[in-house]
Amino acid sequence: MEKIFISHASKDCAIAGDLADLIENFLIYRELDDKYKVFYAPKDLNSKLGTTEWKKDIKKNMDQSTCCLVVFTRNSVENRWVNYELGLASASPHMKKIIPVCVSGIDFNLVIVNEIHTIKLYERQSIPLILKNIFEKENEAIDKWCMEPYVRTLIKRIRYKSKEKCAYFVGDCPEQTVNKEKWAEKAHYFVNTLAVSLLKEDFKLASFPAVENIGKLVAHRALEIGASRYEIAGLYEFDKKTVEFQRSQGINDTAWEETLEKFRRIYLENKDCMIIIGGNQNTKKEYEVARSMGKIRICPIPCLGGFGKELYEQWTDIKRPADFNYPCCRCEVRDDERNCPYIKEFVENLKSYEIVFKDE
């Protein structure tokens with residue numbers, strides 16, 4: 001019996017476990033489960049986790065394997081166990097194939113196998129390609145099986161977990177704010193806490209860095225980790241200056257708005273959620289473009305006023321708070337309080353939002 005070894009970091013069990021389930025389901029579908037076995041350590045060595053036998057059993061199972069599927073993520077590129085398993089796979093005389101797969105958002109300059117072609121799990125054809133690499137004579141069956149509804153659901157879940165999620169912080173101090181210093185203090189606390197929490201969950205962050213207490217702070221927190229975790233987005237000061245230019249030159253309003261909308265669509269294209277903090281008329285325009293794109297999770301923050309509060313109140317006028325899952329609906333913190341008790345729930349809410357892939 002041939003064995004397929006799945007190598008992964010312990011923090012990546014969600015992705016690796018789904019890959020193991022997918023391959024095992026295909027083996028059952030093709031009645032190949034008497035010829036192949038998937039080795040997935042959390043399942044096969046569960047009772048030995050943390051014992052002295054673990055390393056010995058990992059080596060034993062790798063020596064028995066003919067295929068090794070290596071899952072590269074931020075957690076695994078420098079993980080000593082994954083590097084150890086990769087070394088075992090390379091040295092094994094029985095190993096026929098080493099198949100590296102990866103999620104988005106990782107730096108392959110850190111990976112010793114960076115010159116080997118990796119299969120990107122978030123791309124549409126990634127799962128059929130993995131199966132075809134493992135089972136070379138099953139191409140036609142794989143294509144047919146991957147069209148089954150339950151298989152498409154599993155593939156979508158793997159793609160979703162493999163795609164780096166990007167949270168865009170947008171807004172500024174509302175024009176009608178009386179105590180701007182107090183608003184800035186509250187916004188700073190909320191943005192800082194949420195940004196740090198999202199970065200811990202492997203989100204990429206985006207903002208316009210010229211915006212005090214929002215964009216600038218988001219940029220600072222993300223860039224502390226690395227350039228790959230931040231992206232500049234938005235118009236902000238450009239918005240204000242172009243309106244002045246448009247009026248001074250007598251440019252047609254409709255034509256100008258169409259031009260700005262096209263630009264907004266470009267920088268919103270890869271965003272998964274939009275967090276609206278305060279904000280004025282230009283924030284509203286960004287929201288309208290994001291909403292029209294139909295794939296961005298909109299998250300207005302009511303306690304910081306401005307367009308964010310206006311939009312949230314529109315929501316609650318249409319639906320009762322209990323009708324949709326949103327942390328702010330359960331919040332009883334007064335507008336003059338700084339602390340947000342629902343940061344953790346807010347992050348979980350953003351994590352659970354399923355990305356809409358353009359090719360679906």
# chains A, B, ... in the order shown; residues from 1 in each chain; ligands from 1
call {"tool": "residues_around", "arguments": {"residues": "A:Ser104", "least_positions_apart": "2", "cutoff": "12 Å", "atoms": "only C-alpha atoms", "output": "PyMOL selection string"}}
result
chain A and resi 71-74+101-102+106-108+118-123+159-166+202-204+228-229
call {"tool": "write_last_selection", "arguments": {"atoms": "N, CA, C and O atoms", "output": "CSV table (one decimal), in the first residue's frame"}}
result
chain,number,residue,atom,x,y,z
A,71,VAL,N,2.7,21.6,3.1
A,71,VAL,CA,1.9,22.7,3.1
A,71,VAL,C,2.7,23.9,3.6
A,71,VAL,O,3.1,24.0,4.8
A,72,PHE,N,3.0,24.9,2.7
A,72,PHE,CA,3.8,26.1,3.1
A,72,PHE,C,2.8,27.2,3.5
A,72,PHE,O,2.0,27.6,2.7
A,73,THR,N,3.0,27.8,4.7
A,73,THR,CA,2.3,29.0,5.2
A,73,THR,C,3.3,29.8,5.9
A,73,THR,O,4.5,29.4,6.1
A,74,ARG,N,2.9,30.9,6.5
A,74,ARG,CA,3.8,31.7,7.3
A,74,ARG,C,4.3,30.9,8.5
A,74,ARG,O,5.3,31.1,9.1
A,101,VAL,N,2.7,22.8,-1.7
A,101,VAL,CA,1.6,23.6,-1.9
A,101,VAL,C,1.7,24.8,-1.0
A,101,VAL,O,2.3,24.7,0.0
A,102,CYS,N,1.0,25.9,-1.3
A,102,CYS,CA,1.2,27.1,-0.5
A,102,CYS,C,-0.1,27.9,-0.4
A,102,CYS,O,-0.9,27.9,-1.3
A,106,ILE,N,2.9,34.6,1.6
A,106,ILE,CA,4.2,34.2,2.3
A,106,ILE,C,5.4,34.5,1.4
A,106,ILE,O,5.3,34.6,0.2
A,107,ASP,N,6.5,34.7,2.0
A,107,ASP,CA,7.8,35.1,1.3
A,107,ASP,C,8.6,33.8,1.0
A,107,ASP,O,9.2,33.2,1.9
A,108,PHE,N,8.6,33.4,-0.2
A,108,PHE,CA,9.3,32.2,-0.6
A,108,PHE,C,10.8,32.3,-0.6
A,108,PHE,O,11.6,31.4,-0.9
A,118,THR,N,5.5,25.6,-6.9
A,118,THR,CA,4.5,25.3,-5.8
A,118,THR,C,3.1,25.5,-6.3
A,118,THR,O,2.8,26.4,-7.2
A,119,ILE,N,2.2,24.7,-5.9
A,119,ILE,CA,0.8,24.8,-6.3
A,119,ILE,C,0.1,25.7,-5.3
A,119,ILE,O,0.1,25.5,-4.1
A,120,LYS,N,-0.5,26.8,-5.8
A,120,LYS,CA,-1.2,27.8,-5.0
A,120,LYS,C,-2.6,27.3,-4.6
A,120,LYS,O,-3.5,27.3,-5.5
A,121,LEU,N,-2.8,27.0,-3.4
A,121,LEU,CA,-4.1,26.4,-2.9
A,121,LEU,C,-5.3,27.3,-3.2
A,121,LEU,O,-6.4,26.8,-3.3
A,122,TYR,N,-5.1,28.6,-3.3
A,122,TYR,CA,-6.2,29.6,-3.4
A,122,TYR,C,-6.7,29.7,-4.9
A,122,TYR,O,-7.7,30.4,-5.2
A,123,GLU,N,-5.9,29.1,-5.8
A,123,GLU,CA,-6.3,29.3,-7.2
A,123,GLU,C,-7.3,28.2,-7.6
A,123,GLU,O,-7.3,27.1,-7.0
A,159,ARG,N,-9.7,26.7,-0.5
A,159,ARG,CA,-9.3,28.0,-1.1
A,159,ARG,C,-9.5,29.2,-0.2
A,159,ARG,O,-8.6,30.1,-0.1
A,160,TYR,N,-10.6,29.2,0.5
A,160,TYR,CA,-10.9,30.3,1.4
A,160,TYR,C,-9.9,30.4,2.5
A,160,TYR,O,-9.4,31.5,2.8
A,161,LYS,N,-9.6,29.2,3.1
A,161,LYS,CA,-8.6,29.2,4.2
A,161,LYS,C,-7.2,29.6,3.7
A,161,LYS,O,-6.4,30.0,4.5
A,162,SER,N,-6.9,29.4,2.4
A,162,SER,CA,-5.6,29.6,1.9
A,162,SER,C,-5.4,31.0,1.4
A,162,SER,O,-4.3,31.4,1.1
A,163,LYS,N,-6.5,31.7,1.2
A,163,LYS,CA,-6.4,33.1,0.7
A,163,LYS,C,-6.1,34.1,1.8
A,163,LYS,O,-6.8,34.1,2.8
A,164,GLU,N,-5.1,34.9,1.7
A,164,GLU,CA,-4.8,35.9,2.6
A,164,GLU,C,-5.9,37.0,2.6
A,164,GLU,O,-6.3,37.5,1.6
A,165,LYS,N,-6.5,37.3,3.8
A,165,LYS,CA,-7.6,38.2,3.9
A,165,LYS,C,-7.1,39.6,4.2
A,165,LYS,O,-6.1,39.8,5.0
A,166,CYS,N,-7.6,40.6,3.5
A,166,CYS,CA,-7.2,42.0,3.6
A,166,CYS,C,-8.3,42.9,4.2
A,166,CYS,O,-9.4,42.9,3.6
A,202,ASP,N,-3.3,36.7,10.9
A,202,ASP,CA,-2.7,36.7,9.6
A,202,ASP,C,-3.4,37.5,8.5
A,202,ASP,O,-3.3,37.3,7.3
A,203,PHE,N,-4.2,38.5,9.0
A,203,PHE,CA,-4.8,39.5,8.0
A,203,PHE,C,-3.7,40.4,7.4
A,203,PHE,O,-2.7,40.7,8.1
A,204,LYS,N,-3.9,40.8,6.2
A,204,LYS,CA,-3.1,41.9,5.7
A,204,LYS,C,-4.0,43.2,5.9
A,204,LYS,O,-5.2,43.1,5.8
A,228,SER,N,5.1,43.0,3.5
A,228,SER,CA,4.1,42.1,2.9
A,228,SER,C,2.7,42.2,3.6
A,228,SER,O,1.7,41.7,3.1
A,229,ARG,N,2.7,42.8,4.8
A,229,ARG,CA,1.4,42.8,5.6
A,229,ARG,C,0.7,44.1,5.5
A,229,ARG,O,-0.3,44.4,6.2
call {"tool": "select_by_dssp", "arguments": {"residues": "stretch 65-145 of chain A", "states": "alpha helix (DSSP H)", "output": "count of residues only"}}
result
28
call {"tool": "residues_around", "arguments": {"residues": "stretch 31-39 of chain A", "least_positions_apart": "6", "cutoff": "9 Å", "atoms": "only C-alpha atoms", "output": "list in words"}}
result
Met1, Glu2, Lys3, Ile4, Phe5, Ile6, Ala20, Asp21, Ile23, Glu24, Asn61, Met62 and Ser65 of chain A
call {"tool": "write_last_selection", "arguments": {"atoms": "N, CA and C atoms", "output": "PDB file, in the first residue's frame"}}
result
ATOM      1  N   MET A   1       0.845  -1.206   0.000  1.00  0.00           N
ATOM      2  CA  MET A   1       0.000   0.000   0.000  1.00  0.00           C
ATOM      3  C   MET A   1       0.878   1.252   0.000  1.00  0.00           C
ATOM      4  N   GLU A   2       0.573   2.189  -0.892  1.00  0.00           N
ATOM      5  CA  GLU A   2       1.329   3.443  -0.965  1.00  0.00           C
ATOM      6  C   GLU A   2       0.774   4.447   0.042  1.00  0.00           C
ATOM      7  N   LYS A   3       1.683   5.216   0.634  1.00  0.00           N
ATOM      8  CA  LYS A   3       1.277   6.165   1.672  1.00  0.00           C
ATOM      9  C   LYS A   3       1.541   7.600   1.213  1.00  0.00           C
ATOM     10  N   ILE A   4       0.564   8.471   1.481  1.00  0.00           N
ATOM     11  CA  ILE A   4       0.675   9.903   1.138  1.00  0.00           C
ATOM     12  C   ILE A   4       0.833  10.664   2.446  1.00  0.00           C
ATOM     13  N   PHE A   5       1.994  11.266   2.652  1.00  0.00           N
ATOM     14  CA  PHE A   5       2.327  11.952   3.903  1.00  0.00           C
ATOM     15  C   PHE A   5       2.010  13.444   3.755  1.00  0.00           C
ATOM     16  N   ILE A   6       1.232  13.998   4.687  1.00  0.00           N
ATOM     17  CA  ILE A   6       0.932  15.437   4.659  1.00  0.00           C
ATOM     18  C   ILE A   6       1.774  16.121   5.722  1.00  0.00           C
ATOM     19  N   ALA A  20      -6.367  16.398   3.798  1.00  0.00           N
ATOM     20  CA  ALA A  20      -6.409  14.965   4.108  1.00  0.00           C
ATOM     21  C   ALA A  20      -7.797  14.400   3.826  1.00  0.00           C
ATOM     22  N   ASP A  21      -8.835  15.115   4.255  1.00  0.00           N
ATOM     23  CA  ASP A  21     -10.221  14.673   4.013  1.00  0.00           C
ATOM     24  C   ASP A  21     -10.512  14.579   2.519  1.00  0.00           C
ATOM     25  N   ILE A  23      -8.411  14.094  -0.038  1.00  0.00           N
ATOM     26  CA  ILE A  23      -7.730  12.952  -0.673  1.00  0.00           C
ATOM     27  C   ILE A  23      -8.392  11.642  -0.265  1.00  0.00           C
ATOM     28  N   GLU A  24      -8.740  11.520   1.016  1.00  0.00           N
ATOM     29  CA  GLU A  24      -9.399  10.290   1.487  1.00  0.00           C
ATOM     30  C   GLU A  24     -10.755  10.087   0.820  1.00  0.00           C
ATOM     31  N   ASN A  61       6.829   6.637   9.337  1.00  0.00           N
ATOM     32  CA  ASN A  61       5.774   6.841   8.336  1.00  0.00           C
ATOM     33  C   ASN A  61       6.295   7.551   7.096  1.00  0.00           C
ATOM     34  N   MET A  62       7.262   8.448   7.271  1.00  0.00           N
ATOM     35  CA  MET A  62       7.845   9.097   6.092  1.00  0.00           C
ATOM     36  C   MET A  62       8.619   8.075   5.262  1.00  0.00           C
ATOM     37  N   SER A  65       6.371   6.256   3.018  1.00  0.00           N
ATOM     38  CA  SER A  65       5.574   7.060   2.086  1.00  0.00           C
ATOM     39  C   SER A  65       6.217   7.146   0.709  1.00  0.00           C
TER      40      SER A  65
END
call {"tool": "closest_residue", "arguments": {"among": "A:Ala91, A:Leu311, A:Val103, A:Ile98", "to": "A:Asp12", "atoms": "only C-alpha atoms"}}
result
A:Val103
call {"tool": "residues_around", "arguments": {"residues": "A:Glu231", "least_positions_apart": "3", "cutoff": "10 Å", "atoms": "only C-alpha atoms", "output": "ChimeraX atom specification"}}
result
/A:166-168,204-209,218-219,222-223,227-228,267
call {"tool": "write_last_selection", "arguments": {"atoms": "N, CA and C atoms", "output": "mmCIF file, in the first residue's frame"}}
result
data_model
loop_
_atom_site.group_PDB
_atom_site.id
_atom_site.type_symbol
_atom_site.label_atom_id
_atom_site.label_comp_id
_atom_site.auth_asym_id
_atom_site.auth_seq_id
_atom_site.Cartn_x
_atom_site.Cartn_y
_atom_site.Cartn_z
ATOM 1 N N CYS A 166 -7.642 40.583 3.481
ATOM 2 C CA CYS A 166 -7.174 41.965 3.590
ATOM 3 C C CYS A 166 -8.278 42.862 4.159
ATOM 4 N N ALA A 167 -7.985 43.510 5.276
ATOM 5 C CA ALA A 167 -8.929 44.426 5.923
ATOM 6 C C ALA A 167 -8.517 45.868 5.625
ATOM 7 N N TYR A 168 -9.439 46.638 5.065
ATOM 8 C CA TYR A 168 -9.182 48.026 4.679
ATOM 9 C C TYR A 168 -9.823 48.959 5.703
ATOM 10 N N LYS A 204 -3.900 40.808 6.228
ATOM 11 C CA LYS A 204 -3.123 41.905 5.659
ATOM 12 C C LYS A 204 -3.956 43.162 5.873
ATOM 13 N N LEU A 205 -3.328 44.300 6.139
ATOM 14 C CA LEU A 205 -4.070 45.535 6.404
ATOM 15 C C LEU A 205 -3.819 46.556 5.299
ATOM 16 N N ALA A 206 -4.820 47.410 5.081
ATOM 17 C CA ALA A 206 -4.704 48.471 4.084
ATOM 18 C C ALA A 206 -5.288 49.755 4.658
ATOM 19 N N SER A 207 -4.729 50.873 4.241
ATOM 20 C CA SER A 207 -5.238 52.171 4.694
ATOM 21 C C SER A 207 -4.565 53.258 3.855
ATOM 22 N N PHE A 208 -4.999 54.509 4.085
ATOM 23 C CA PHE A 208 -4.287 55.640 3.486
ATOM 24 C C PHE A 208 -3.450 56.250 4.604
ATOM 25 N N PRO A 209 -2.110 56.161 4.542
ATOM 26 C CA PRO A 209 -1.253 56.486 5.691
ATOM 27 C C PRO A 209 -1.238 57.945 6.130
ATOM 28 N N VAL A 218 -2.589 52.267 11.349
ATOM 29 C CA VAL A 218 -2.686 50.951 10.701
ATOM 30 C C VAL A 218 -1.387 50.642 9.954
ATOM 31 N N ALA A 219 -0.882 51.607 9.210
ATOM 32 C CA ALA A 219 0.369 51.418 8.464
ATOM 33 C C ALA A 219 1.524 51.093 9.410
ATOM 34 N N ALA A 222 1.182 47.456 10.880
ATOM 35 C CA ALA A 222 1.424 46.407 9.884
ATOM 36 C C ALA A 222 2.892 46.365 9.464
ATOM 37 N N LEU A 223 3.490 47.530 9.270
ATOM 38 C CA LEU A 223 4.876 47.586 8.805
ATOM 39 C C LEU A 223 5.871 47.177 9.879
ATOM 40 N N ALA A 227 6.689 44.535 5.195
ATOM 41 C CA ALA A 227 6.030 45.206 4.069
ATOM 42 C C ALA A 227 4.944 44.351 3.441
ATOM 43 N N SER A 228 5.075 43.024 3.550
ATOM 44 C CA SER A 228 4.082 42.136 2.934
ATOM 45 C C SER A 228 2.731 42.177 3.645
ATOM 46 N N TYR A 267 -8.254 49.915 -6.324
ATOM 47 C CA TYR A 267 -7.640 49.630 -5.027
ATOM 48 C C TYR A 267 -8.553 48.834 -4.091
#
call {"tool": "select_by_dssp", "arguments": {"residues": "stretch 108-313 of chain A", "states": "strand (DSSP E)", "output": "list in words"}}
result
Ile119, Lys120, Cys166, Ala167, Tyr168, Phe169, Val170, Lys204, Leu205, Ala206, Ser207, Tyr230, Glu231, Ile232, Cys273, Met274, Ile275, Ile276, Ile277, Arg297, Ile298, Cys299, Pro300 and Ile301 of chain A
call {"tool": "atom_distance", "arguments": {"atom1": "atom CA of A:Cys303", "atom2": "atom CA of A:Arg264"}}
result
26.0 Å
call {"tool": "atom_distance", "arguments": {"atom1": "atom CA of A:Ile277", "atom2": "atom CA of A:Pro174"}}
result
9.1 Å
call {"tool": "closest_residue", "arguments": {"among": "A:Val170, A:Ser197, A:Glu148, A:Gly215", "to": "A:Tyr342", "atoms": "only C-alpha atoms"}}
result
A:Ser197
call {"tool": "closest_residue", "arguments": {"among": "A:Ile232, A:Ala141, A:Ile99, A:Ile298", "to": "A:Ile266", "atoms": "only C-alpha atoms"}}
result
A:Ile232
